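The data block below is final_36.cif; it holds mmCIF, C-alpha atoms.
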data_query
loop_
_atom_site.label_atom_id
_atom_site.label_comp_id
_atom_site.auth_asym_id
_atom_site.auth_seq_id
_atom_site.Cartn_x
_atom_site.Cartn_y
_atom_site.Cartn_z
CA MET Z 1 20.01 -44.20 -9.93
CA SER Z 2 16.33 -43.74 -10.78
CA ASN Z 3 15.30 -41.87 -13.91
CA HIS Z 4 12.03 -40.88 -12.34
CA LEU Z 5 11.21 -37.62 -10.64
CA SER Z 6 12.16 -37.41 -6.97
CA GLN Z 7 9.56 -36.65 -4.29
CA ASP Z 8 10.70 -33.01 -4.20
CA GLN Z 9 10.58 -32.73 -7.99
CA ILE Z 10 7.04 -34.11 -7.98
CA ALA Z 11 6.07 -31.57 -5.34
CA MET Z 12 7.58 -28.82 -7.51
CA CYS Z 13 5.68 -30.16 -10.54
CA ILE Z 14 2.43 -30.00 -8.55
CA LEU Z 15 3.20 -26.41 -7.62
CA GLY Z 16 4.03 -25.53 -11.24
CA ARG Z 17 7.62 -24.67 -10.40
CA SER Z 18 9.38 -27.45 -12.27
CA THR Z 19 11.85 -27.13 -15.12
CA PRO Z 20 10.60 -27.79 -18.69
CA GLU Z 21 12.43 -31.16 -18.65
CA GLU Z 22 10.79 -32.24 -15.41
CA GLU Z 23 7.43 -31.11 -16.71
CA ARG Z 24 7.87 -33.11 -19.90
CA HIS Z 25 8.98 -36.14 -17.93
CA GLY Z 26 5.92 -35.80 -15.69
CA ARG Z 27 3.72 -35.84 -18.79
CA GLU Z 28 5.44 -38.68 -20.62
CA CYS Z 29 6.55 -41.10 -17.91
CA PRO Z 30 3.61 -43.34 -16.94
CA GLU Z 31 4.94 -43.95 -13.41
CA CYS Z 32 5.51 -40.28 -12.65
CA ARG Z 33 2.14 -39.44 -14.19
CA VAL Z 34 0.52 -41.86 -11.74
CA GLU Z 35 2.46 -40.25 -8.90
CA LEU Z 36 1.20 -36.81 -9.90
CA ALA Z 37 -2.37 -38.06 -10.33
CA ARG Z 38 -2.23 -39.68 -6.90
CA PHE Z 39 -2.16 -36.14 -5.50
CA GLN Z 40 -4.09 -34.21 -8.13
CA GLN Z 41 -7.12 -36.49 -8.38
CA PRO Z 42 -8.16 -36.54 -4.70
CA VAL Z 43 -7.33 -32.84 -4.26
CA SER Z 44 -9.46 -31.96 -7.28
CA THR Z 45 -12.34 -34.09 -5.95
CA PHE Z 46 -11.96 -32.46 -2.55
CA ARG Z 47 -12.12 -28.97 -4.12
CA GLU Z 48 -15.26 -29.80 -6.07
CA ALA Z 49 -16.94 -31.37 -3.06
CA MET Z 50 -16.14 -28.36 -0.87
CA GLN Z 51 -17.28 -25.90 -3.54
CA ASP Z 52 -20.51 -27.79 -4.00
CA TRP Z 53 -21.06 -28.07 -0.27
CA SER Z 54 -20.53 -24.33 0.28
CA ASP Z 55 -22.76 -23.42 -2.67
CA ARG Z 56 -25.60 -25.38 -1.10
CA GLU Z 57 -25.11 -23.95 2.36
CA TYR Z 58 -27.49 -21.25 3.50
CA VAL Z 59 -26.48 -17.69 2.62
CA PRO Z 60 -28.07 -14.92 4.69
CA ARG Z 61 -30.60 -12.81 2.76
CA SER Z 62 -30.87 -9.03 2.76
CA PRO Z 63 -32.89 -8.53 5.98
CA GLU Z 64 -30.61 -10.87 7.90
CA VAL Z 65 -27.52 -9.18 6.51
CA ALA Z 66 -28.88 -5.81 7.66
CA VAL Z 67 -29.57 -7.29 11.11
CA PHE Z 68 -26.16 -8.86 11.63
CA LEU Z 69 -24.36 -5.81 10.25
CA GLY Z 70 -26.33 -3.60 12.62
CA LYS Z 71 -25.59 -5.71 15.67
CA SER Z 72 -22.74 -4.88 17.95
CA ARG Z 73 -20.47 -7.83 18.42
CA ARG Z 74 -19.44 -9.37 21.67
CA PRO Z 75 -15.72 -9.89 21.77
CA SER Z 76 -15.10 -13.29 20.16
CA ASN Z 77 -12.01 -13.86 22.25
CA PRO Z 78 -13.02 -16.06 25.20
CA VAL Z 79 -10.30 -14.45 27.28
CA TRP Z 80 -12.14 -11.14 26.98
CA ARG Z 81 -15.43 -12.91 27.59
CA TRP Z 82 -14.07 -13.88 31.01
CA ALA Z 83 -12.74 -10.38 31.71
CA PRO Z 84 -15.97 -8.97 33.26
CA ALA Z 85 -16.30 -12.03 35.51
CA ALA Z 86 -12.64 -11.77 36.55
CA MET Z 87 -13.13 -8.06 37.20
CA ALA Z 88 -16.21 -8.77 39.34
CA VAL Z 89 -14.30 -11.39 41.37
CA LEU Z 90 -11.44 -8.94 41.82
CA ILE Z 91 -13.81 -6.23 43.00
CA LEU Z 92 -15.75 -8.55 45.31
CA THR Z 93 -12.62 -9.97 46.93
CA GLY Z 94 -10.59 -6.77 46.69
CA ILE Z 95 -13.02 -4.44 48.43
CA PRO Z 96 -13.17 -6.41 51.75
CA ILE Z 97 -9.39 -6.87 51.72
CA TYR Z 98 -8.94 -3.16 51.06
CA GLN Z 99 -11.40 -2.29 53.82
CA GLN Z 100 -9.63 -4.66 56.22
CA GLN Z 101 -6.29 -3.07 55.37
CA MET Z 102 -7.73 0.38 55.93
CA ASN Z 103 -9.15 -0.68 59.32
CA LEU Z 104 -5.81 -2.16 60.34
CA GLN Z 105 -4.03 1.03 59.35
CA ARG Z 106 -6.59 3.10 61.27
CA ILE Z 107 -6.20 0.92 64.40
CA GLU Z 108 -2.40 1.08 64.15
CA ALA Z 109 -2.55 4.87 63.77
CA GLU Z 110 -4.84 5.16 66.80
CA GLU Z 111 -2.57 2.88 68.83
CA ALA Z 112 0.47 4.93 67.86
CA ALA Z 113 -1.33 8.13 68.82
CA ARG Z 114 -2.30 6.60 72.18
CA GLN Z 115 1.31 5.50 72.77
CA ASP Z 116 2.49 9.00 71.88
CA ALA Z 117 -0.02 10.53 74.29
CA LEU Z 118 1.12 8.21 77.10
CA LEU Z 119 4.75 9.05 76.40
CA MET Z 120 3.98 12.77 76.39
CA ALA Z 121 2.11 12.42 79.67
CA ALA Z 122 5.07 10.54 81.17
CA VAL Z 123 7.42 13.25 79.95
CA SER Z 124 5.17 15.97 81.37
CA VAL Z 125 5.08 14.20 84.76
CA HIS Z 126 8.82 13.83 84.65
CA LEU Z 127 9.38 17.49 83.81
CA SER Z 128 6.92 18.73 86.45
CA ARG Z 129 8.87 17.06 89.28
CA THR Z 130 10.72 19.46 91.63
CA THR Z 131 13.28 16.79 92.48
CA PRO Z 132 14.71 14.09 90.28
CA ALA Z 133 12.98 10.72 90.60
CA PRO Z 134 16.01 8.92 92.19
CA MET Z 135 16.12 11.60 94.90
CA GLU Z 136 12.45 11.28 95.86
CA PRO Z 137 12.91 8.45 98.47
CA ILE Z 138 15.64 10.50 100.16
CA MET Z 139 13.57 13.68 100.07
CA ALA Z 140 10.75 11.80 101.77
CA LEU Z 141 13.04 11.23 104.76
CA ILE Z 142 13.76 14.94 105.19
CA PRO Z 143 11.20 16.59 107.45
CA VAL Z 144 9.35 19.48 105.94
CA PRO Z 145 9.82 22.76 107.92
CA GLU Z 146 6.67 24.07 109.63
CA SER Z 147 6.91 27.43 107.91
CA ASP Z 148 6.77 25.57 104.59
CA ILE Z 149 3.68 23.71 105.77
CA GLN Z 150 2.00 26.93 106.88
CA SER Z 151 2.89 28.86 103.78
CA GLY Z 152 1.91 25.89 101.59
CA GLY Z 153 5.51 25.44 100.46
CA THR Z 154 5.64 28.74 98.69
CA GLN Z 155 8.02 31.52 99.32
CA MET N 1 -14.82 -31.35 -13.99
CA LYS N 2 -13.15 -28.19 -12.87
CA ARG N 3 -15.36 -25.21 -12.31
CA PRO N 4 -13.99 -21.76 -12.93
CA LEU N 5 -13.83 -19.98 -9.64
CA TYR N 6 -14.15 -16.53 -11.08
CA GLY N 7 -16.43 -17.59 -13.92
CA CYS N 8 -19.63 -16.25 -12.47
CA MET N 9 -20.27 -12.55 -12.52
CA GLU N 10 -18.50 -10.87 -9.68
CA PRO N 11 -20.45 -8.03 -8.06
CA THR N 12 -19.63 -4.67 -9.54
CA ILE N 13 -20.09 -2.96 -6.23
CA THR N 14 -16.42 -2.38 -5.59
CA SER N 15 -16.41 1.20 -6.82
CA GLY N 16 -19.35 2.10 -4.62
CA PHE N 17 -18.00 -0.03 -1.82
CA ILE N 18 -14.61 1.62 -1.97
CA ALA N 19 -16.00 5.12 -2.28
CA THR N 20 -15.67 6.83 1.02
CA GLY N 21 -18.32 9.29 -0.01
CA VAL N 22 -21.18 6.82 0.27
CA GLU N 23 -23.09 8.19 3.18
CA ASN N 24 -26.45 6.50 2.80
CA PRO N 25 -26.42 3.48 5.12
CA VAL N 26 -29.34 1.83 3.29
CA THR N 27 -27.51 1.97 -0.02
CA GLU N 28 -24.35 0.77 1.63
CA ILE N 29 -26.07 -2.24 3.17
CA GLN N 30 -27.80 -3.07 -0.10
CA ASP N 31 -24.44 -2.82 -1.80
CA PHE N 32 -22.79 -4.90 0.84
CA ASP N 33 -25.59 -7.45 0.69
CA ARG N 34 -24.44 -8.30 -2.83
CA VAL N 35 -20.91 -8.82 -1.53
CA VAL N 36 -22.28 -11.21 1.09
CA GLN N 37 -24.36 -13.13 -1.47
CA PHE N 38 -21.38 -13.57 -3.76
CA TYR N 39 -18.54 -14.23 -1.34
CA TRP N 40 -20.30 -15.99 1.54
CA PRO N 41 -19.83 -19.54 0.11
CA ARG N 42 -16.13 -18.95 -0.59
CA ILE N 43 -15.38 -17.58 2.86
CA LEU N 44 -17.54 -20.23 4.52
CA ARG N 45 -15.79 -23.16 2.84
CA PHE N 46 -12.31 -21.82 3.61
CA VAL N 47 -13.24 -21.24 7.25
CA ALA N 48 -15.06 -24.59 7.48
CA ALA N 49 -12.09 -26.49 6.05
CA SER N 50 -9.83 -24.65 8.48
CA VAL N 51 -11.82 -24.98 11.72
CA ARG N 52 -13.72 -28.21 10.80
CA ASP N 53 -16.82 -27.18 12.62
CA ARG N 54 -19.96 -26.01 10.84
CA ASP N 55 -21.33 -23.78 13.62
CA VAL N 56 -17.97 -22.15 14.29
CA ALA N 57 -17.48 -21.67 10.55
CA GLU N 58 -20.84 -19.88 10.20
CA THR N 59 -20.09 -17.65 13.18
CA LEU N 60 -16.60 -16.80 11.93
CA THR N 61 -17.92 -16.15 8.42
CA GLN N 62 -20.51 -13.77 9.83
CA ASP N 63 -17.78 -12.11 11.93
CA CYS N 64 -15.67 -11.79 8.82
CA PHE N 65 -18.37 -9.92 6.89
CA TRP N 66 -19.20 -7.83 9.93
CA ASN N 67 -15.54 -6.82 10.25
CA ALA N 68 -15.36 -6.13 6.52
CA TYR N 69 -18.42 -3.89 6.74
CA ARG N 70 -17.08 -2.05 9.79
CA ASN N 71 -13.69 -1.51 8.13
CA ARG N 72 -14.96 -0.90 4.62
CA LYS N 73 -13.33 2.52 4.53
CA ALA N 74 -9.95 0.84 4.96
CA PHE N 75 -10.39 -1.07 1.70
CA ARG N 76 -8.56 0.91 -0.97
CA GLY N 77 -8.74 -1.60 -3.76
CA ASP N 78 -5.02 -2.42 -3.69
CA SER N 79 -5.99 -6.08 -3.69
CA SER N 80 -9.18 -7.67 -4.98
CA LEU N 81 -12.23 -7.73 -2.77
CA HIS N 82 -11.92 -11.52 -2.62
CA THR N 83 -8.32 -11.30 -1.34
CA TRP N 84 -9.26 -8.61 1.17
CA LEU N 85 -12.15 -10.67 2.55
CA MET N 86 -9.94 -13.73 2.61
CA ARG N 87 -7.35 -11.84 4.64
CA ILE N 88 -10.02 -11.02 7.22
CA ALA N 89 -11.10 -14.69 7.18
CA VAL N 90 -7.49 -15.90 7.64
CA ASN N 91 -7.11 -13.56 10.63
CA SER N 92 -10.39 -14.78 12.12
CA VAL N 93 -9.31 -18.41 11.75
CA ARG N 94 -5.90 -17.60 13.25
CA LYS N 95 -7.50 -15.85 16.21
CA PHE N 96 -9.90 -18.74 16.68
CA ALA N 97 -7.04 -21.28 16.60
CA ARG N 98 -5.13 -19.27 19.18
CA ASN N 99 -8.16 -19.15 21.46
CA ARG N 100 -8.85 -22.85 20.96
CA ARG N 101 -5.35 -23.63 22.17
CA LEU N 102 -6.28 -21.84 25.39
CA GLN N 103 -9.43 -23.99 25.60
CA PHE N 104 -7.49 -27.24 25.37
CA TRP N 105 -10.03 -29.01 27.55
CA ARG N 106 -12.63 -28.65 24.81
CA GLN N 107 -11.70 -31.76 22.93
CA ALA N 108 -14.99 -32.61 21.25
CA GLU N 109 -16.21 -30.36 18.49
CA ARG N 110 -19.91 -29.98 18.90
CA SER N 111 -20.85 -29.65 15.24
CA ALA N 112 -17.82 -31.12 13.56
CA LEU N 113 -18.06 -31.32 9.78
CA ASP N 114 -18.38 -34.87 8.55
CA ALA N 115 -15.98 -35.20 5.64
CA ALA N 116 -17.37 -38.63 4.85
CA THR N 117 -20.57 -37.04 3.55
CA LEU N 118 -18.97 -34.15 1.67
CA GLY N 119 -18.69 -36.30 -1.45
CA ASP N 120 -22.45 -36.77 -1.38
CA TRP N 121 -22.80 -33.13 -2.39
CA LEU N 122 -21.15 -33.65 -5.74
CA PRO N 123 -23.67 -32.77 -8.41
CA ASP N 124 -23.24 -35.83 -10.63
CA ARG N 125 -26.14 -37.89 -9.36
CA ARG N 126 -25.57 -40.57 -12.01
CA MET N 127 -22.56 -41.83 -10.11
CA THR N 128 -22.72 -45.45 -9.09
CA GLN N 129 -22.52 -46.38 -5.43
CA GLU N 130 -18.97 -47.61 -5.98
CA ALA N 131 -17.89 -44.39 -7.70
CA ARG N 132 -19.48 -42.36 -4.92
CA ALA N 133 -17.65 -44.45 -2.34
CA VAL N 134 -14.36 -43.76 -4.12
CA VAL N 135 -15.13 -40.04 -4.22
CA ASN N 136 -16.02 -40.00 -0.51
CA GLU N 137 -12.83 -41.87 0.26
CA GLN N 138 -10.74 -39.34 -1.70
CA VAL N 139 -12.41 -36.40 0.02
CA GLN N 140 -11.90 -38.04 3.41
CA GLU N 141 -8.22 -38.69 2.63
CA VAL N 142 -7.51 -35.06 1.75
CA TRP N 143 -9.59 -33.89 4.72
CA ASP N 144 -7.55 -36.09 7.08
CA ALA N 145 -4.27 -35.16 5.40
CA THR N 146 -4.88 -31.43 5.84
CA ALA N 147 -5.77 -31.98 9.50
CA GLY N 148 -2.16 -32.94 10.18
CA LEU N 149 -0.69 -29.78 8.67
CA SER N 150 0.43 -26.81 10.71
CA ASP N 151 -1.99 -23.87 10.74
CA ARG N 152 0.06 -21.91 8.22
CA GLN N 153 0.59 -24.88 5.93
CA ARG N 154 -3.14 -25.67 6.00
CA THR N 155 -4.03 -22.05 5.26
CA VAL N 156 -1.78 -21.77 2.21
CA PHE N 157 -2.74 -25.27 1.03
CA LEU N 158 -6.47 -24.47 1.16
CA LEU N 159 -6.03 -21.08 -0.48
CA ARG N 160 -3.99 -22.63 -3.29
CA PHE N 161 -5.76 -25.91 -3.94
CA MET N 162 -9.31 -25.20 -2.78
CA GLU N 163 -9.61 -21.49 -3.58
CA GLU N 164 -7.17 -21.62 -6.52
CA MET N 165 -5.56 -18.34 -5.52
CA THR N 166 -2.20 -17.25 -6.94
CA ILE N 167 0.94 -17.10 -4.79
CA ARG N 168 0.72 -13.30 -4.72
CA GLU N 169 -2.93 -13.40 -3.62
CA ILE N 170 -2.11 -15.97 -0.95
CA ALA N 171 0.72 -13.77 0.28
CA GLU N 172 -1.64 -10.79 0.52
CA ALA N 173 -4.36 -12.81 2.22
CA SER N 174 -2.07 -14.50 4.73
CA GLY N 175 0.28 -11.62 5.43
CA LEU N 176 3.27 -13.77 4.47
CA THR N 177 5.94 -13.01 1.90
CA GLU N 178 5.72 -14.83 -1.43
CA ASN N 179 8.85 -16.78 -0.51
CA ALA N 180 7.32 -17.89 2.78
CA VAL N 181 4.14 -18.92 0.96
CA ASN N 182 6.19 -21.02 -1.46
CA VAL N 183 8.06 -22.71 1.38
CA HIS N 184 4.89 -23.49 3.37
CA LEU N 185 3.15 -24.70 0.23
CA PHE N 186 6.04 -26.98 -0.72
CA ARG N 187 6.08 -28.52 2.77
CA ALA N 188 2.30 -28.86 2.77
CA VAL N 189 2.28 -30.65 -0.59
CA ARG N 190 5.01 -33.04 0.57
CA ALA N 191 3.14 -33.76 3.81
CA VAL N 192 -0.22 -34.27 2.07
CA ARG N 193 1.39 -36.54 -0.55
CA SER N 194 2.99 -38.70 2.10
CA ARG N 195 -0.34 -39.00 3.97
CA LEU N 196 -2.27 -39.75 0.80
CA GLY N 197 0.28 -42.46 0.08
CA LYS N 198 -0.17 -44.04 3.50
CA SER N 199 -3.87 -44.52 3.13
CA GLN N 200 -3.61 -46.34 -0.18
#
Kindly present the structure from the file in structure tokens form.
Amino acid sequence: MSNHLSQDQIAMCILGRSTPEEERHGRECPECRVELARFQQPVSTFREAMQDWSDREYVPRSPEVAVFLGKSRRPSNPVWRWAPAAMAVLILTGIPIYQQQMNLQRIEAEEAARQDALLMAAVSVHLSRTTPAPMEPIMALIPVPESDIQSGGTQ
Amino acid sequence: MKRPLYGCMEPTITSGFIATGVENPVTEIQDFDRVVQFYWPRILRFVAASVRDRDVAETLTQDCFWNAYRNRKAFRGDSSLHTWLMRIAVNSVRKFARNRRLQFWRQAERSALDAATLGDWLPDRRMTQEARAVVNEQVQEVWDATAGLSDRQRTVFLLRFMEEMTIREIAEASGLTENAVNVHLFRAVRAVRSRLGKSQ
């Protein structure tokens, strides 16, 4: 069994959450010290490099700050950036479809009304008959009395 | 050489900034301008190390200060101004990462930060070419190692080791519990260590 710090113990040492014994071992054991430095050295260099880089980057001055604070922002979410375009496409494709649907409904309604009118006319014709339709051929065979012809069929 | 992060004089605008009674927009902007001057580099480097793109980092940093200015009345001073701004930055980076996942076809970053040259910025100009090469290599290693972390691990790692924030501050800035921060940090350190080991 190794007397050195395990990988997890080294990670805990780096995070400052080790026990006093582990901390002492990390300080005194040359191998564990190297292990700790293998992380700490590059990370420290990285921090300094990033701090130095950011310190040399351009920082907006007062007039620019006032300008960008005064500006209204476009939504940074690209999904929202596409929303107006999507809405326009929906409107452009939706309106003709809607109009077509409305026309179809109107035509269907007119057709239904026409059918209703025809049916009503047929019913009216049927009701206005003096004899039932099946009897009409037979009635045609019966001679009409002269008095009926002279009086126009009225009594 | 380790530089104290909070060594330089922090702007004393917080009282005026917090005060909801400040009605003069000119004064407010002047006040806020000092916040921008002081915190811009910190926010920029965190965002840049997170998104790895200089142009995106500048835009997100500007967005961050714009959001801070718009929501300045919401800042009650419960946390430090630095932590509050960092929380806005963390949210901006998170939102950006979520959107970038939707834009998966955008593989190439147009103004990707070149970690190989970051070491060139180190102030010690007396460094030999060899020493500078070693420094650049170390910076590149950490840069590459953090690229492989999950978004949360990278965030807590950068806040701890680049911004030198405490666990409590990281928890406030990231919206995580202190326990969650510790867990993510532990995993991040293990992952970075294993990657640093591979490259040597």
- Expanded to explicit residues, what is the PyMOL selection byres ((chain Z) within 10 of (chain N)) for this file, as a ChimeraX atom specification? /Z:7-8,10-12,14-15,17,35-36,38-66,68-73,76-79
- note - CA of Ser174 in chain N and CA of Val90 in chain N are separated by 6.3 Å
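In terms of minimum interatomic distance to Cys64 in chain N, N:Met86 ranks closest within N:Val181, N:Leu81, N:Met86, N:Val35, counting all atoms listed in the file.
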- Message: Between CA of Val67 in chain Z and CA of Arg72 in chain N, what is the distance in Å, rounded to a tenth?
- Response: 17.2 Å
- Message: I'd like the residues picked by the PyMOL selection byres ((chain Z and resi 23) around 12) written out as a VMD selection string, using the chain letters and numbers from the file.
- Response: chain Z and resid 4 to 5 9 to 22 24 to 29 32 to 33 36
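Between CA of Met87 in chain Z and CA of Ala97 in chain N the separation is 25.2 Å.
The residue set within 10 Å of Leu113 in chain N, counting all atoms listed in the file and dropping same-chain residues fewer than 6 places from it, reads Ala48, Ala49, Val51, Arg52, Asp53, Arg54, Asp55 and Ala57 of chain N.
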- Task: Skip Arg87 in chain N itself and residues of its chain fewer than 3 positions away, then list as a ChimeraX atom specification all residues within 8 Å of it, counting all atoms listed in the file.
- Result: /N:83-84,90-91,172-175
- Task: Choose the residue, out of N:Ala133, N:Thr128, N:His184, N:Glu178, that has the smallest atom-to-atom separation from Asp151 in chain N; count all atoms listed in the file.
- Result: N:His184
